[in-house]
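A short worksheet on the structure shown next.
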Amino acid sequence: MQLTNRSKVVSKKEMTFVERMYLPAIFSGMMITFSHFFRKKPTIKYPEQTREFSGVFRGQHVLKRDENGAERCTACGLCAVACPAEAITMTAAEREPGEEHLYREEKYAAKYEINMLRCIFCGDCEEACPKEAIFLTDRKVDTMYNRGALVFGKDILVESLENPIDLSKRQTPEVKEFKKQKGYQHNETHDLNTRTEMDPKNPRPVQKKKLGNS
Amino acid sequence: MAKVTIDGHTIEVPDGTTILQAARMIVEDKDYVGANIAPPTMCYYSKLKTSGGYCRTCIVKVTKGSEKDPRPMPKPVASCRTNVMDGMEVQNLTSPDVLEARKGVVEFLLINHPLDCPICDQAGECDLQNLGYEHGKAMTRYDFKRRTFQQIDIGPYIKLHMTRCILCYRCVKTADQITDTRVHGVMNRGDVSEISTYIKNVITNDFSGNVIDVCPVGALTDRTFRFKSRVWFTKPMDAHRSCTKCSGKVALWLKGTEVLRVTARKNIWGEVEEWICNECRFEKKNVNDWTIEGPRHIERHSVISANHYENLAQLKLDVSKQQKQLSALK
């Protein structure tokens, strides 16, 4: 089967005098080498210089907090069931009274692990998440010396209160417009009706600093 | 005997059969191939007397009343409460009117439903979820405040989430008909009616756990399984044990060798085959208590069927075949 048009039939004819000298062939070869000196360099000096990333580059995940600093993830398991690489595992736990400022819903992920060696960064988890909790970010996953360290737990994945992850650049105008629809506002504001077990004596503490964008 | 035609399929059924039962008979017939023409049900339960007639999910259109009186019925009728007549012609899936009306019913059922499926333990095997999914009404246009209730503790085994309840009365009828003392019922009326037990009368009857299985939504869930795992991460197995109170035939929901939950076996209509006792359901959580028969059959369209292998013998054969091939390569 012919795959390309570049194949050449090997000829075993006797070489002419010019060909036997080899010099013209060497010269033409050197010309190609020289011409490459003046081309644009395809490499960059990596740690000092970085390439431009796409706005929607999919890197390390983040588990977002809501505007009050409570974790959004409710351990519903939809990311894990959507994951084609089966990289996500989690264990759920029930929120105790007094923990309302830590967890948004009555159930939360006590353990949440992503195996970064398995992850293929497809973003299906982000798409499956009904609580807008998990997002892929433009951060690259650090390299490690052993495999075990690449199973990221909540200590790495949950965004810290001090350094919230800004996702506003990743959200295109279409996404922002889509999120304005009434039916999709359940993750934006605190709808008290959906929280059945909230203690009226312990209302959610209002945090001064506004976190993130989502 | 009466001859009834549902969506073009004719069947002869005994007098007194309802349209819903006749439709189920057609689907249960071995020779039947085609869409599931049995109307969906949220409150009707064939094992419970006087159930049905509340939710209106099973409405169908009767285009011909009977042979003697061929006039069509003026409105859609609840198929679980309407008996068949000889020569009756019924439309379910073939009538756009019925599908449109059912959409409205689904929306009404979702009016006060909190849609907290990510938290709810019933998610993945919830009738209301399936109904909303099938009718494309996973959302509601309702703007007003949803009804909320004070949490009531109904004992260490059963968790009641009144906000999720659609008032189908199945649990009340279960408590009434299969247990000897009824301590569980519907209080108040209309919009504020709620399922409750009389204060201090926690459900202690041996068969009270069956209200969990009959509940079509996540209003009554197993407290020993609460937040343990999502249903689709567990492995359903048929198992039995010798029990003095019940048949002992159950479905175990395993994670590894850990028994996370015990439920009764359900048939294709999502109805319990045999009631099981509370001892089997809540106290036998060791895999050694049970004789495991094999993996349960799960419908392919269910999320629980993900990574669920039913033919273990075939799976083992495939694995050993692969291993042989791999070792041959080395």
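In the structure tokens, the first chain shown is A, the next is B, and so on; residue numbers restart at 1 for each chain, and ligands run from 1 in the order shown.
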So that I can see what lies close to region 136-143 of chain A, please list as a ChimeraX atom specification the residues with an atom at most 8 Å from it, counting only C-alpha atoms and leaving out residues fewer than 5 positions away in the same chain.
/A:53,55-62,116,121,123,126,167
Give the residues of chain B that lie within 8 Å of chain A; count only C-alpha atoms, and format the answer as a list in words.
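Using only C-alpha atoms, chain B residues at most 8 Å from chain A: Pro114, Leu115, Asp116, Pro118, Ile119, Met139, Thr140, Arg141, Lys145, Arg146, Arg147, Thr148, Phe149, Gln151, Thr163, Phe227, Lys228, Ser229 and Arg230 of chain B.
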Give the alpha helix (DSSP H) residues of region 76-152 of chain A, as DSSP finds them on the backbone, and put them as a ChimeraX atom specification.
/A:78-82,124-128
Find the residues around Pro84 (chain A) up to 12 Å (only C-alpha atoms counted), leave out those fewer than 4 positions away in its own chain, and share them as a PyMOL selection string.
(chain A and resi 78-80+88+118-125+128) or (chain B and resi 306-307)
File dump, residues just selected, C-alpha atoms, as a tab-separated table (two decimals), in the first residue's frame:
chain	number	residue	atom	x	y	z
A	78	LEU	CA	-20.93	12.93	39.54
A	79	CYS	CA	-17.35	13.94	38.70
A	80	ALA	CA	-16.14	10.48	39.65
A	88	ILE	CA	-11.41	10.65	41.22
A	118	ARG	CA	-4.51	8.87	35.79
A	119	CYS	CA	-6.10	12.22	34.98
A	120	ILE	CA	-6.22	13.05	31.28
A	121	PHE	CA	-7.38	16.66	31.85
A	122	CYS	CA	-10.47	16.24	29.71
A	123	GLY	CA	-12.57	18.53	31.90
A	124	ASP	CA	-15.53	16.16	32.14
A	125	CYS	CA	-15.51	16.54	35.94
A	128	ALA	CA	-20.52	17.20	35.39
B	306	ALA	CA	-21.70	1.57	35.21
B	307	ASN	CA	-18.91	-0.92	35.91
If you measure from CA of Ile304 (chain B) to CA of Leu157 (chain A), what distance in Å do you get, rounded to one decimal?
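Calculated distance between CA of Ile304 (chain B) and CA of Leu157 (chain A) is 27.6 Å.
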Residue contacts of region 46-56 of chain B (12 Å, only C-alpha atoms) excluding same-chain residues fewer than 2 positions away, as a compact mmCIF listing (two decimals) with C-alpha atoms, in the first residue's frame:
# COMPACT_ATOMS: atom_id res chain seq x y z
CA THR B 17 -58.41 -4.92 35.65
CA THR B 18 -57.21 -1.35 35.50
CA LEU B 20 -52.36 0.42 34.08
CA GLN B 21 -52.35 -3.27 34.97
CA ARG B 24 -48.08 -3.79 32.39
CA PRO B 39 -47.59 4.60 32.19
CA PRO B 40 -45.12 5.71 34.87
CA THR B 41 -46.42 5.70 38.44
CA MET B 42 -45.41 7.68 41.48
CA CYS B 43 -48.11 6.73 43.98
CA TYR B 44 -49.67 3.49 42.67
CA CYS B 58 -50.23 7.72 34.99
CA ILE B 59 -52.82 9.69 33.03
CA VAL B 60 -53.79 8.29 29.63
CA PRO B 76 -57.25 12.25 30.42
CA VAL B 77 -57.93 9.63 33.08
CA ALA B 78 -55.75 8.18 35.83
CA SER B 79 -54.98 4.72 34.46
CA CYS B 80 -54.28 3.24 37.90
CA ARG B 81 -57.89 3.90 38.99
CA THR B 82 -59.79 3.36 35.73
CA VAL B 98 -50.91 12.81 27.21
CA ALA B 101 -50.24 16.78 30.26
CA ARG B 102 -47.77 14.50 32.00
CA LYS B 103 -45.10 17.15 31.63
CA GLY B 104 -47.35 19.47 33.56
CA VAL B 105 -47.84 16.83 36.25
CA VAL B 106 -44.08 16.41 36.59
CA GLU B 107 -43.70 20.14 36.96
CA PHE B 108 -46.33 20.17 39.69
CA LEU B 109 -44.59 17.35 41.52
CA LEU B 110 -41.38 19.35 41.40
CA LEU B 128 -38.92 11.34 40.41
CA CYS B 165 -41.86 14.22 49.97
CA ILE B 166 -44.42 14.23 47.13
CA LEU B 167 -47.23 12.92 49.38
CA CYS B 168 -47.81 9.68 47.50
CA TYR B 169 -49.11 7.95 50.67
CA ARG B 170 -47.26 4.73 49.80
CA CYS B 171 -45.42 4.64 53.14
CA VAL B 172 -48.61 5.32 55.06
CA LYS B 173 -50.34 2.43 53.32
CA THR B 174 -47.33 0.19 53.90
CA ALA B 175 -47.31 1.01 57.58
CA ASP B 176 -51.06 0.45 57.66
CA GLN B 177 -51.18 -2.81 55.74
CA ILE B 178 -48.04 -4.79 56.54
CA ASN B 210 -40.07 -1.30 54.10
CA VAL B 211 -41.31 2.28 53.93
CA VAL B 214 -41.68 2.00 48.71
CA PRO B 216 -40.43 6.89 45.24
CA LYS B 266 -37.43 -4.91 43.30
CA ASN B 267 -39.10 -6.08 40.10
CA TRP B 269 -41.80 -1.89 37.97
CA GLY B 270 -39.62 -0.84 40.91
CA GLU B 271 -41.90 -2.66 43.32
CA VAL B 272 -40.71 -4.81 46.19
CA GLU B 273 -40.94 -8.54 45.46
CA GLU B 274 -40.98 -9.68 49.08
CA TRP B 275 -41.08 -7.50 52.18
Mind listing the strand (DSSP E or B) residues of region 239-297 of chain B, per DSSP on the backbone, as a list in words?
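Restricting region 239-297 of chain B to strand (DSSP E or B) produces Ala239, His240, Lys249, Val250, Ala251, Leu252, Trp253, Leu254, Lys255, Glu258, Val259, Leu260, Arg261, Val262, Thr263, Ala264, Lys266, Val272, Thr291, Ile292, Glu293, Gly294 and Pro295 of chain B.
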Contacts of Thr224 (chain B) at 9 Å or less, counting only C-alpha atoms, minus same-chain residues fewer than 2 places along, as a VMD selection string?
chain B and resid 156 to 158 221 to 222 226 to 228 260 to 261 282
Between CA of Gly248 (chain B) and CA of Phe233 (chain B), what is the spacing in Å?
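Separation of CA of Phe233 (chain B) and CA of Gly248 (chain B): 24.3 Å.
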